[in-house]
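Shown next: protein.tsv, containing TSV, C-alpha atoms and all ligand atoms.
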chain	number	residue	atom	x	y	z
A	12	MET	CA	65.34	-27.45	65.46
A	13	VAL	CA	64.55	-29.02	62.10
A	14	ASN	CA	66.44	-32.21	61.29
A	15	GLN	CA	67.00	-33.16	57.69
A	16	ILE	CA	67.51	-36.70	56.42
A	17	GLU	CA	69.57	-36.71	53.23
A	18	PRO	CA	68.24	-38.84	50.38
A	19	SER	CA	70.23	-41.96	49.56
A	20	ILE	CA	69.52	-41.68	45.83
A	21	THR	CA	69.09	-38.49	43.87
A	22	SER	CA	65.39	-38.98	43.05
A	23	SER	CA	64.36	-39.70	46.67
A	24	PRO	CA	62.52	-37.00	48.54
A	25	ILE	CA	64.20	-34.93	51.24
A	26	ILE	CA	62.67	-35.75	54.59
A	27	TRP	CA	62.32	-32.84	56.99
A	28	VAL	CA	61.75	-33.58	60.67
A	29	PRO	CA	60.55	-30.43	62.46
A	30	SER	CA	60.04	-30.52	66.21
A	31	THR	CA	57.40	-27.79	66.45
A	32	ILE	CA	54.18	-26.93	64.62
A	33	GLU	CA	55.66	-23.54	63.67
A	34	GLU	CA	58.67	-25.17	61.99
A	35	ALA	CA	56.41	-27.55	60.08
A	36	ILE	CA	54.26	-24.65	58.83
A	37	GLU	CA	57.34	-22.69	57.82
A	38	LEU	CA	58.63	-25.67	55.79
A	39	LYS	CA	55.26	-25.99	54.05
A	40	ARG	CA	55.27	-22.25	53.29
A	41	LYS	CA	58.78	-22.55	51.87
A	42	PHE	CA	58.19	-25.57	49.62
A	43	GLY	CA	54.47	-25.17	48.85
A	44	SER	CA	53.12	-27.87	46.53
A	45	LYS	CA	56.59	-29.50	46.44
A	46	ALA	CA	56.10	-30.67	50.04
A	47	GLU	CA	53.63	-32.91	51.83
A	48	PHE	CA	52.94	-33.50	55.53
A	49	VAL	CA	53.39	-37.11	56.59
A	50	SER	CA	52.26	-38.73	59.84
A	51	GLY	CA	52.26	-42.56	59.91
A	52	SER	CA	52.54	-42.73	56.10
A	53	THR	CA	50.23	-45.77	55.91
A	54	LEU	CA	47.77	-44.14	53.50
A	55	LEU	CA	50.42	-42.26	51.55
A	56	GLN	CA	52.47	-45.45	51.01
A	57	LEU	CA	49.40	-47.06	49.44
A	58	GLN	CA	48.78	-44.02	47.26
A	59	TRP	CA	52.43	-43.76	46.19
A	60	MET	CA	52.39	-47.45	45.24
A	61	ASN	CA	49.26	-46.75	43.18
A	62	GLY	CA	50.98	-44.02	41.19
A	63	ARG	CA	50.49	-40.83	43.20
A	64	LYS	CA	53.54	-38.60	42.70
A	65	ILE	CA	56.02	-38.69	45.59
A	66	PRO	CA	56.75	-35.07	46.59
A	67	GLU	CA	60.27	-33.62	46.53
A	68	ASN	CA	59.98	-32.82	50.24
A	69	ILE	CA	58.37	-34.81	52.99
A	70	ILE	CA	57.57	-32.99	56.22
A	71	SER	CA	57.42	-35.69	58.88
A	72	LEU	CA	55.24	-34.74	61.85
A	73	GLU	CA	56.49	-37.64	63.93
A	74	GLN	CA	58.77	-35.64	66.25
A	75	ILE	CA	56.24	-32.95	67.19
A	76	SER	CA	55.28	-34.09	70.68
A	77	LYS	CA	52.46	-31.54	70.98
A	78	LEU	CA	50.58	-33.41	68.25
A	79	LYS	CA	50.45	-36.56	70.37
A	80	GLU	CA	48.64	-35.12	73.39
A	81	VAL	CA	45.15	-36.23	74.44
A	82	GLN	CA	43.51	-33.97	77.02
A	83	ILE	CA	40.20	-33.23	78.68
A	84	ASP	CA	39.34	-29.60	79.44
A	85	GLU	CA	36.75	-29.85	82.22
A	86	ASP	CA	35.88	-26.12	81.98
A	87	LYS	CA	35.28	-26.12	78.24
A	88	LYS	CA	33.85	-29.66	78.40
A	89	THR	CA	36.06	-30.74	75.54
A	90	LEU	CA	38.13	-33.77	74.69
A	91	SER	CA	41.09	-32.80	72.50
A	92	ILE	CA	42.96	-35.45	70.55
A	93	GLY	CA	46.36	-34.68	69.03
A	94	ALA	CA	46.43	-35.41	65.30
A	95	SER	CA	49.50	-37.67	65.62
A	96	SER	CA	47.79	-39.97	68.14
A	97	GLN	CA	48.06	-43.45	66.73
A	98	LEU	CA	44.99	-45.42	65.75
A	99	SER	CA	46.08	-47.97	68.37
A	100	SER	CA	46.00	-45.37	71.16
A	101	TYR	CA	42.58	-46.69	72.27
A	102	LYS	CA	44.65	-49.44	73.95
A	103	THR	CA	47.15	-47.20	75.69
A	104	ASP	CA	45.63	-43.80	76.31
A	105	ARG	CA	43.90	-43.64	79.69
A	106	LEU	CA	41.58	-40.79	78.61
A	107	LEU	CA	40.52	-42.27	75.28
A	108	LYS	CA	39.59	-45.48	77.08
A	109	ASN	CA	36.67	-43.55	78.63
A	110	PHE	CA	35.05	-43.04	75.23
A	111	PRO	CA	33.81	-46.42	74.00
A	112	ILE	CA	32.51	-45.14	70.67
A	113	ILE	CA	35.92	-43.69	69.74
A	114	CYS	CA	37.65	-46.92	70.80
A	115	GLU	CA	35.16	-48.96	68.77
A	116	ALA	CA	35.83	-46.86	65.68
A	117	LEU	CA	39.62	-46.99	66.08
A	118	LYS	CA	39.49	-50.78	66.47
A	119	SER	CA	37.51	-51.09	63.23
A	120	ILE	CA	40.33	-49.63	61.12
A	121	ALA	CA	42.82	-51.88	59.33
A	122	ALA	CA	44.88	-54.38	61.35
A	123	PRO	CA	47.20	-53.95	64.37
A	124	ALA	CA	50.37	-53.28	62.33
A	125	VAL	CA	48.70	-50.43	60.44
A	126	ARG	CA	47.00	-49.11	63.59
A	127	ASN	CA	50.40	-48.95	65.34
A	128	ARG	CA	51.71	-46.53	62.69
A	129	GLY	CA	48.62	-44.85	61.24
A	130	THR	CA	47.30	-41.77	63.01
A	131	ILE	CA	43.94	-40.19	63.74
A	132	GLY	CA	44.98	-36.96	61.97
A	133	GLY	CA	46.14	-38.87	58.89
A	134	ASN	CA	42.80	-40.65	58.77
A	135	ILE	CA	40.97	-37.32	58.66
A	136	MET	CA	43.33	-35.46	56.34
A	137	GLY	CA	43.48	-38.37	53.89
A	138	GLY	CA	39.85	-37.47	53.13
A	139	VAL	CA	38.42	-41.00	52.99
A	140	GLY	CA	38.97	-42.35	56.52
A	141	ASP	CA	36.39	-44.18	58.59
A	142	LEU	CA	36.83	-41.69	61.41
A	143	ILE	CA	35.43	-38.83	59.36
A	144	PRO	CA	31.72	-39.76	59.76
A	145	LEU	CA	32.30	-40.42	63.46
A	146	PHE	CA	33.82	-37.00	64.04
A	147	LEU	CA	31.13	-35.30	61.94
A	148	ALA	CA	28.44	-36.98	64.05
A	149	LEU	CA	30.21	-35.97	67.25
A	150	LYS	CA	30.34	-32.30	66.14
A	151	ALA	CA	34.12	-32.12	66.03
A	152	LYS	CA	36.04	-28.93	65.63
A	153	LEU	CA	39.54	-28.98	64.15
A	154	LEU	CA	42.47	-26.82	65.16
A	155	VAL	CA	44.13	-26.13	61.80
A	156	HIS	CA	47.18	-24.06	60.94
A	157	ASP	CA	48.54	-22.57	57.76
A	158	GLU	CA	51.04	-19.84	57.01
A	159	LYS	CA	48.40	-17.17	57.64
A	160	GLU	CA	46.68	-18.29	60.82
A	161	SER	CA	45.69	-20.94	63.38
A	162	GLU	CA	41.97	-21.45	63.57
A	163	LEU	CA	39.45	-23.64	65.39
A	164	VAL	CA	36.95	-24.58	62.68
A	165	ASP	CA	33.74	-26.57	62.55
A	166	PHE	CA	34.73	-29.86	60.84
A	167	TRP	CA	31.70	-30.04	58.52
A	168	GLU	CA	31.99	-26.37	57.48
A	169	TRP	CA	35.69	-26.82	56.84
A	170	LEU	CA	35.17	-30.02	54.81
A	171	GLN	CA	32.70	-28.25	52.56
A	172	HIS	CA	34.31	-24.87	52.14
A	173	SER	CA	38.06	-24.86	52.74
A	174	GLN	CA	39.98	-24.37	49.51
A	175	ARG	CA	43.31	-24.74	51.29
A	176	LYS	CA	43.12	-28.25	52.77
A	177	ASN	CA	46.42	-29.30	51.18
A	178	GLN	CA	48.23	-26.36	52.75
A	179	THR	CA	46.82	-27.01	56.19
A	180	LEU	CA	48.34	-28.72	59.19
A	181	LEU	CA	45.83	-30.36	61.53
A	182	SER	CA	47.02	-30.26	65.13
A	183	THR	CA	44.03	-31.24	67.27
A	184	ILE	CA	40.52	-32.64	67.05
A	185	HIS	CA	38.16	-31.13	69.65
A	186	LEU	CA	35.03	-32.98	70.73
A	187	PRO	CA	32.34	-31.69	73.08
A	188	ILE	CA	31.82	-34.08	75.99
A	189	ILE	CA	28.87	-34.68	78.26
A	190	LYS	CA	29.55	-36.46	81.55
A	191	GLU	CA	27.11	-38.95	83.02
A	192	CYS	CA	24.34	-37.96	80.64
A	193	ALA	CA	21.39	-40.24	80.08
A	194	ASN	CA	19.92	-37.92	77.44
A	195	SER	CA	22.26	-38.64	74.58
A	196	TYR	CA	23.30	-41.51	72.36
A	197	SER	CA	25.85	-42.04	69.62
A	198	PHE	CA	26.61	-44.93	67.29
A	199	TYR	CA	29.24	-45.98	64.75
A	200	LYS	CA	28.82	-48.79	62.19
A	201	LYS	CA	31.22	-49.88	59.49
A	202	ILE	CA	30.34	-52.35	56.77
A	203	GLY	CA	33.17	-54.01	54.83
A	204	ARG	CA	33.47	-56.97	52.51
A	205	ARG	CA	35.29	-58.83	55.27
A	206	GLU	CA	35.29	-58.15	58.98
A	207	THR	CA	38.77	-56.62	59.11
A	208	PHE	CA	41.63	-55.43	56.90
A	209	THR	CA	39.42	-54.20	54.13
A	210	ALA	CA	38.18	-50.84	52.91
A	211	ALA	CA	34.68	-49.97	54.05
A	212	ILE	CA	31.67	-50.40	51.78
A	213	LEU	CA	30.42	-47.61	53.94
A	214	THR	CA	30.68	-46.22	57.43
A	215	VAL	CA	27.84	-44.43	59.21
A	216	SER	CA	27.72	-42.64	62.50
A	217	GLY	CA	25.16	-40.64	64.39
A	218	SER	CA	24.43	-38.84	67.62
A	219	VAL	CA	21.18	-37.65	69.18
A	220	ARG	CA	20.39	-35.61	72.26
A	221	TRP	CA	16.95	-35.19	73.83
A	222	ASP	CA	15.44	-33.19	76.69
A	223	ASP	CA	13.98	-34.53	79.94
A	224	HIS	CA	10.64	-35.14	78.17
A	225	GLY	CA	12.31	-37.25	75.49
A	226	VAL	CA	12.00	-34.59	72.77
A	227	ILE	CA	14.96	-34.69	70.39
A	228	GLU	CA	16.87	-31.41	70.53
A	229	GLU	CA	19.78	-32.30	68.30
A	230	ALA	CA	20.52	-35.02	65.75
A	231	LYS	CA	23.60	-35.66	63.62
A	232	LEU	CA	23.80	-38.38	60.98
A	233	ALA	CA	26.91	-38.87	58.88
A	234	LEU	CA	28.08	-41.13	56.08
A	235	GLY	CA	31.58	-41.82	54.76
A	236	GLY	CA	34.19	-44.59	54.55
A	237	GLY	CA	35.72	-46.23	51.49
A	238	ASP	CA	34.94	-44.33	48.28
A	239	ASN	CA	32.03	-42.43	49.79
A	240	LYS	CA	32.36	-38.68	50.01
A	241	PRO	CA	31.84	-37.72	53.68
A	242	PHE	CA	28.40	-36.25	54.16
A	243	LEU	CA	26.23	-34.92	56.99
A	244	LEU	CA	22.51	-35.62	56.43
A	245	GLU	CA	21.11	-32.26	57.51
A	246	ASN	CA	17.64	-32.70	55.90
A	247	THR	CA	17.07	-36.01	57.67
A	248	GLU	CA	18.35	-34.60	60.94
A	249	HIS	CA	15.70	-31.84	60.78
A	250	LYS	CA	12.94	-34.44	60.35
A	251	MET	CA	13.82	-35.91	63.78
A	252	ILE	CA	14.34	-32.73	65.79
A	253	GLY	CA	11.35	-31.67	67.92
A	254	LYS	CA	9.90	-35.20	68.08
A	255	LYS	CA	9.98	-37.95	70.67
A	256	GLY	CA	11.46	-41.28	69.56
A	257	GLU	CA	8.03	-42.93	69.45
A	258	GLU	CA	6.63	-40.11	67.27
A	259	ILE	CA	9.18	-40.56	64.49
A	260	ASP	CA	7.86	-41.92	61.21
A	261	TRP	CA	10.77	-44.28	60.42
A	262	LYS	CA	9.53	-44.95	56.89
A	263	SER	CA	9.83	-41.29	56.03
A	264	VAL	CA	13.26	-41.15	57.73
A	265	PHE	CA	14.33	-44.10	55.55
A	266	GLU	CA	13.11	-42.27	52.42
A	267	SER	CA	14.81	-39.09	53.51
A	268	ILE	CA	18.15	-40.85	54.05
A	269	THR	CA	18.05	-42.64	50.70
A	270	SER	CA	17.11	-39.47	48.84
A	271	GLU	CA	19.70	-37.31	50.61
A	272	ILE	CA	22.82	-39.39	50.03
A	273	ALA	CA	24.55	-40.35	46.81
A	274	PRO	CA	27.09	-43.04	47.69
A	275	ALA	CA	29.60	-44.25	45.12
A	276	ASP	CA	29.14	-47.19	42.72
A	277	ASP	CA	32.02	-49.60	42.26
A	278	ALA	CA	32.60	-52.91	40.45
A	279	PHE	CA	31.20	-54.89	43.41
A	280	VAL	CA	28.59	-52.73	45.10
A	281	SER	CA	26.09	-50.29	43.60
A	282	GLY	CA	25.33	-46.88	45.05
A	283	ASP	CA	21.68	-47.95	45.46
A	284	TYR	CA	22.71	-50.90	47.61
A	285	ARG	CA	24.87	-48.61	49.74
A	286	LYS	CA	21.94	-46.21	50.20
A	287	LYS	CA	19.72	-48.97	51.57
A	288	VAL	CA	22.46	-50.32	53.83
A	289	ALA	CA	23.17	-46.85	55.21
A	290	ALA	CA	19.48	-46.17	55.89
A	291	ASN	CA	18.94	-49.56	57.52
A	292	LEU	CA	22.02	-49.22	59.73
A	293	MET	CA	21.10	-45.75	60.91
A	294	ILE	CA	17.46	-46.58	61.58
A	295	ALA	CA	18.25	-49.86	63.34
A	296	ALA	CA	20.70	-48.08	65.67
A	297	LEU	CA	18.27	-45.25	66.46
A	298	GLN	CA	15.18	-47.43	66.80
A	299	SER	CA	16.86	-49.84	69.18
A	300	LYS	CA	17.91	-46.94	71.41
A	301	PHE	CA	14.45	-45.33	71.44
A	302	THR	CA	12.83	-48.69	72.19
A	303	VAL	CA	15.08	-49.02	75.25
A	304	ILE	CA	14.15	-45.50	76.37
A	305	SER	CA	10.40	-46.01	75.96
A	306	ASN	CA	10.67	-49.31	77.88
A	307	GLY	CA	12.36	-47.43	80.75
A	308	GLU	CA	15.58	-49.48	80.62
A	309	GLU	CA	17.87	-46.49	80.23
A	310	GLU	CA	21.21	-46.28	82.07
A	311	SER	CA	23.44	-43.19	82.35
A	312	SER	CA	26.87	-43.24	80.73
A	313	TYR	CA	29.86	-41.11	79.71
A	314	GLU	CA	29.12	-39.87	76.20
A	315	VAL	CA	30.71	-37.67	73.53
B	401	LIG	C1	46.43	-52.35	54.74
B	401	LIG	C2	45.74	-51.05	55.04
B	401	LIG	C3	44.43	-51.07	55.51
B	401	LIG	C4	43.76	-49.87	55.79
B	401	LIG	N1	42.50	-49.91	56.28
B	401	LIG	C5	41.84	-48.78	56.58
B	401	LIG	C6	40.52	-48.81	57.13
B	401	LIG	O1	39.94	-49.87	57.40
B	401	LIG	N2	39.91	-47.62	57.38
B	401	LIG	C7	40.51	-46.42	57.14
B	401	LIG	O2	39.90	-45.38	57.41
B	401	LIG	N3	41.77	-46.36	56.64
B	401	LIG	C8	42.44	-47.49	56.36
B	401	LIG	N4	43.73	-47.44	55.84
B	401	LIG	C9	44.32	-46.13	55.52
B	401	LIG	C10	45.23	-45.53	56.64
B	401	LIG	O3	45.98	-46.52	57.29
B	401	LIG	C11	44.48	-44.75	57.71
B	401	LIG	O4	43.55	-43.86	57.11
B	401	LIG	C12	45.42	-43.96	58.64
B	401	LIG	O5	44.68	-43.40	59.70
B	401	LIG	C13	46.18	-42.87	57.93
B	401	LIG	O6	47.03	-42.24	58.89
B	401	LIG	P1	48.57	-41.94	58.58
B	401	LIG	O7	49.12	-41.28	59.78
B	401	LIG	O8	49.28	-43.16	58.15
B	401	LIG	O9	48.40	-40.93	57.37
B	401	LIG	P2	49.50	-40.55	56.28
B	401	LIG	O10	49.59	-41.63	55.26
B	401	LIG	O11	50.77	-40.10	56.92
B	401	LIG	O12	48.80	-39.26	55.64
B	401	LIG	C14	47.54	-39.34	55.00
B	401	LIG	C15	47.19	-37.96	54.43
B	401	LIG	O13	46.98	-37.03	55.49
B	401	LIG	C16	47.91	-35.94	55.43
B	401	LIG	N5	48.28	-35.68	56.83
B	401	LIG	C17	48.67	-36.60	57.75
B	401	LIG	N6	48.75	-36.01	58.96
B	401	LIG	C18	48.44	-34.71	58.79
B	401	LIG	C19	48.34	-33.58	59.67
B	401	LIG	N7	48.54	-33.68	61.00
B	401	LIG	N8	47.99	-32.39	59.16
B	401	LIG	C20	47.75	-32.27	57.82
B	401	LIG	N9	47.80	-33.28	56.94
B	401	LIG	C21	48.14	-34.49	57.43
B	401	LIG	C22	49.04	-36.41	54.54
B	401	LIG	O14	49.65	-35.33	53.86
B	401	LIG	C23	48.29	-37.34	53.59
B	401	LIG	O15	47.67	-36.58	52.57
B	401	LIG	C24	44.43	-48.63	55.57
B	401	LIG	C25	45.75	-48.62	55.11
B	401	LIG	C26	46.40	-49.80	54.85
B	401	LIG	C27	47.83	-49.76	54.39
Once you've parsed the file, please lay out its structure as structure tokens.
Amino acid sequence: MVNQIEPSITSSPIIWVPSTIEEAIELKRKFGSKAEFVSGSTLLQLQWMNGRKIPENIISLEQISKLKEVQIDEDKKTLSIGASSQLSSYKTDRLLKNFPIICEALKSIAAPAVRNRGTIGGNIMGGVGDLIPLFLALKAKLLVHDEKESELVDFWEWLQHSQRKNQTLLSTIHLPIIKECANSYSFYKKIGRRETFTAAILTVSGSVRWDDHGVIEEAKLALGGGDNKPFLLENTEHKMIGKKGEEIDWKSVFESITSEIAPADDAFVSGDYRKKVAANLMIAALQSKFTVISNGEEESSYEV
């Protein structure tokens, strides 16, 4: 059943509170561009204060319990995270606690008050969140719904090609999981002007997987955060695949990263500076891992 909260003044939006995904989609179909989905509203509040038009209808996703579920499917080897899971759920959710890289990323966002309201889905659908590079690097798929269909889509493909993002409801983020695997590694690094409570200068994330001989079979490197358009560095990834860690020419990887990305300039930080920071962060994370492997100090862990 859809609840409706009447506006107190005539210019206030009508707030719709559906209890199922289907009701939320139907409301969006009915009101089209005059309605917006809202989860924790932490990003939207900022944008409304900065002049973004408040829609006539707000479709609150807060009462849809299905959007808050976190589950592991052992058969499909997938972790699924409901879009309305709060950023602070790394503290409370017993499954998420098993994924240190996700917890690390969640902890890096804003401050506790914002994390208690803001959601993982809102971070993704806002288009600029720090979780976007993480989920690109972890090969996320998104379960998205619009009036026509529900579809499980590759996150990177969807980011590049979907024309209908504003019409879409995100219900779940699906991540492939590998249990007790010593042959993979992922990292997440966020650089801000202060340690916390500040927009990122940039956020980078990556994941690599290698075979039993140490040959890299798969690499994902992603950039985003702050004003930077989320990007997956496919050219650089190809330079690493098929090589062992010790065979990689890190200078050429550095050049490849800096030529492949085009981070934003702003009044404080140039795009060129961001390029160098991104390349240094990614290479430092990868090199330190491959040094550990070649020194035989590797331990197995639970990785996404
Ligand atoms: C002080 C402060 C500091 C912040 N610091 C950071 C930071 O360090 N890093 C960072 O990444 N962000 C930061 N943010 C931004 C924001 O808090 C987060 O991105 C948060 O995760 C947004 O989630 P939300 O649920 O509040 O999204 P909302 O504000 O509710 O929505 C954001 C956008 O996503 C859409 N949306 C929300 N849920 C769905 C859904 N399920 N399906 C479809 N569309 C949906 C909305 O329509 C809207 O366009 C900060 C915000 C504040 C106020």
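A straight line drawn from atom CA of A:Ser52 to atom CA of A:Gly137 is 10.3 Å long.
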Check: Skipping near chain neighbours, those fewer than 2 positions away, what residues fall within 8 Å of stretch 225-229 of chain A using all atoms listed in the file, listed as a PyMOL selection string?
Finding: chain A and resi 194+219-223+231+248+251-256
Could you turn the residues from that selection into a file that holds C-alpha atoms, as a PDB file, in the coordinates of the input?
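result-v6.pdb was written with the following content:
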ATOM      1  CA  ASN A 194      19.920 -37.920  77.440  1.00  0.00           C
ATOM      2  CA  VAL A 219      21.180 -37.650  69.180  1.00  0.00           C
ATOM      3  CA  ARG A 220      20.390 -35.610  72.260  1.00  0.00           C
ATOM      4  CA  TRP A 221      16.950 -35.190  73.830  1.00  0.00           C
ATOM      5  CA  ASP A 222      15.440 -33.190  76.690  1.00  0.00           C
ATOM      6  CA  ASP A 223      13.980 -34.530  79.940  1.00  0.00           C
ATOM      7  CA  LYS A 231      23.600 -35.660  63.620  1.00  0.00           C
ATOM      8  CA  GLU A 248      18.350 -34.600  60.940  1.00  0.00           C
ATOM      9  CA  MET A 251      13.820 -35.910  63.780  1.00  0.00           C
ATOM     10  CA  ILE A 252      14.340 -32.730  65.790  1.00  0.00           C
ATOM     11  CA  GLY A 253      11.350 -31.670  67.920  1.00  0.00           C
ATOM     12  CA  LYS A 254       9.900 -35.200  68.080  1.00  0.00           C
ATOM     13  CA  LYS A 255       9.980 -37.950  70.670  1.00  0.00           C
ATOM     14  CA  GLY A 256      11.460 -41.280  69.560  1.00  0.00           C
TER      15      GLY A 256
END
Next item on the list: Collect all residues with atoms no farther than 8 Å from ligand LIG 401 (chain B), counting only C-alpha atoms and all ligand atoms, and output them as a ChimeraX atom specification.
Entry: /A:47-57,72,78,94-95,97-98,119-122,125-126,128-142,155,176-182,207-211,236-237
Write to file, as a tab-separated table (two decimals), keeping the file's coordinate frame, the residues of the selection just made, with C-alpha atoms.
chain	number	residue	atom	x	y	z
A	47	GLU	CA	53.63	-32.91	51.83
A	48	PHE	CA	52.94	-33.50	55.53
A	49	VAL	CA	53.39	-37.11	56.59
A	50	SER	CA	52.26	-38.73	59.84
A	51	GLY	CA	52.26	-42.56	59.91
A	52	SER	CA	52.54	-42.73	56.10
A	53	THR	CA	50.23	-45.77	55.91
A	54	LEU	CA	47.77	-44.14	53.50
A	55	LEU	CA	50.42	-42.26	51.55
A	56	GLN	CA	52.47	-45.45	51.01
A	57	LEU	CA	49.40	-47.06	49.44
A	72	LEU	CA	55.24	-34.74	61.85
A	78	LEU	CA	50.58	-33.41	68.25
A	94	ALA	CA	46.43	-35.41	65.30
A	95	SER	CA	49.50	-37.67	65.62
A	97	GLN	CA	48.06	-43.45	66.73
A	98	LEU	CA	44.99	-45.42	65.75
A	119	SER	CA	37.51	-51.09	63.23
A	120	ILE	CA	40.33	-49.63	61.12
A	121	ALA	CA	42.82	-51.88	59.33
A	122	ALA	CA	44.88	-54.38	61.35
A	125	VAL	CA	48.70	-50.43	60.44
A	126	ARG	CA	47.00	-49.11	63.59
A	128	ARG	CA	51.71	-46.53	62.69
A	129	GLY	CA	48.62	-44.85	61.24
A	130	THR	CA	47.30	-41.77	63.01
A	131	ILE	CA	43.94	-40.19	63.74
A	132	GLY	CA	44.98	-36.96	61.97
A	133	GLY	CA	46.14	-38.87	58.89
A	134	ASN	CA	42.80	-40.65	58.77
A	135	ILE	CA	40.97	-37.32	58.66
A	136	MET	CA	43.33	-35.46	56.34
A	137	GLY	CA	43.48	-38.37	53.89
A	138	GLY	CA	39.85	-37.47	53.13
A	139	VAL	CA	38.42	-41.00	52.99
A	140	GLY	CA	38.97	-42.35	56.52
A	141	ASP	CA	36.39	-44.18	58.59
A	142	LEU	CA	36.83	-41.69	61.41
A	155	VAL	CA	44.13	-26.13	61.80
A	176	LYS	CA	43.12	-28.25	52.77
A	177	ASN	CA	46.42	-29.30	51.18
A	178	GLN	CA	48.23	-26.36	52.75
A	179	THR	CA	46.82	-27.01	56.19
A	180	LEU	CA	48.34	-28.72	59.19
A	181	LEU	CA	45.83	-30.36	61.53
A	182	SER	CA	47.02	-30.26	65.13
A	207	THR	CA	38.77	-56.62	59.11
A	208	PHE	CA	41.63	-55.43	56.90
A	209	THR	CA	39.42	-54.20	54.13
A	210	ALA	CA	38.18	-50.84	52.91
A	211	ALA	CA	34.68	-49.97	54.05
A	236	GLY	CA	34.19	-44.59	54.55
A	237	GLY	CA	35.72	-46.23	51.49
Next item on the list: One decimal, Å: what's the distance from atom CA of A:Ala289 over to atom CA of A:Ser173, could you say?
Entry: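 Interatomic distance, atom CA of A:Ala289 to atom CA of A:Ser173: 26.7 Å.
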Next item on the list: Find, counting all atoms listed in the file, the residue in A:Leu213, A:Pro24, A:Ile184, A:Arg175 that gets nearest to A:Glu158.
Entry: A:Arg175
Please, which residues are within 12 Å of (19.8, -46.3, 56.4) by the file's coordinates, counting all atoms listed in the file, and could they come as a compact mmCIF listing (two decimals) with C-alpha atoms, in the frame of the given file?
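Okay, point-v3.txt is ready:
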# COMPACT_ATOMS: atom_id res chain seq x y z
CA LYS A 200 28.82 -48.79 62.19
CA LEU A 213 30.42 -47.61 53.94
CA THR A 214 30.68 -46.22 57.43
CA VAL A 215 27.84 -44.43 59.21
CA SER A 216 27.72 -42.64 62.50
CA GLY A 217 25.16 -40.64 64.39
CA LEU A 232 23.80 -38.38 60.98
CA ALA A 233 26.91 -38.87 58.88
CA LEU A 234 28.08 -41.13 56.08
CA LEU A 244 22.51 -35.62 56.43
CA THR A 247 17.07 -36.01 57.67
CA TRP A 261 10.77 -44.28 60.42
CA LYS A 262 9.53 -44.95 56.89
CA SER A 263 9.83 -41.29 56.03
CA VAL A 264 13.26 -41.15 57.73
CA PHE A 265 14.33 -44.10 55.55
CA GLU A 266 13.11 -42.27 52.42
CA SER A 267 14.81 -39.09 53.51
CA ILE A 268 18.15 -40.85 54.05
CA THR A 269 18.05 -42.64 50.70
CA SER A 270 17.11 -39.47 48.84
CA GLU A 271 19.70 -37.31 50.61
CA ILE A 272 22.82 -39.39 50.03
CA PRO A 274 27.09 -43.04 47.69
CA ASP A 283 21.68 -47.95 45.46
CA TYR A 284 22.71 -50.90 47.61
CA ARG A 285 24.87 -48.61 49.74
CA LYS A 286 21.94 -46.21 50.20
CA LYS A 287 19.72 -48.97 51.57
CA VAL A 288 22.46 -50.32 53.83
CA ALA A 289 23.17 -46.85 55.21
CA ALA A 290 19.48 -46.17 55.89
CA ASN A 291 18.94 -49.56 57.52
CA LEU A 292 22.02 -49.22 59.73
CA MET A 293 21.10 -45.75 60.91
CA ILE A 294 17.46 -46.58 61.58
CA ALA A 295 18.25 -49.86 63.34
CA ALA A 296 20.70 -48.08 65.67
CA LEU A 297 18.27 -45.25 66.46
CA GLN A 298 15.18 -47.43 66.80
Kindly provide the residues of stretch 155-260 of chain A that approach stretch 79-84 of chain A to within 10 Å, each paired with its closest atom pair and their distance in Å to one decimal, based on only C-alpha atoms, listed by chain and increasing number, as a Markdown table.
| residue | atom | partner | partner_atom | distance |
| --- | --- | --- | --- | --- |
| A:Ser182 | CA | A:Lys79 | CA | 8.9 |
| A:Thr183 | CA | A:Glu80 | CA | 8.6 |
| A:Ile184 | CA | A:Val81 | CA | 9.4 |
| A:His185 | CA | A:Ile83 | CA | 9.5 |
| A:Leu186 | CA | A:Ile83 | CA | 9.5 |
| A:Pro187 | CA | A:Asp84 | CA | 9.7 |
| A:Ile188 | CA | A:Ile83 | CA | 8.8 |
Item checked: Point-to-point distance in Å for atom CA of A:Phe301 and atom CA of A:Lys118 ->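 Those two atoms sit 26.1 Å apart.
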Margin query: Show me the residues around (35.1, -28.7, 62.4) - criterion: an atom at most 6 Å away, all atoms listed in the file counted - as a PyMOL selection string.
Written below: chain A and resi 151-153+164-167+169
Notebook entry, point to check: Neighbours of stretch 26-34 of chain A within 10 Å (only C-alpha atoms; same-chain residues fewer than 4 positions away dropped), as an NGL selection string?
Noted result: :A and (12-18 or 38-40 or 46-49 or 66-78 or 156-158 or 180-182)
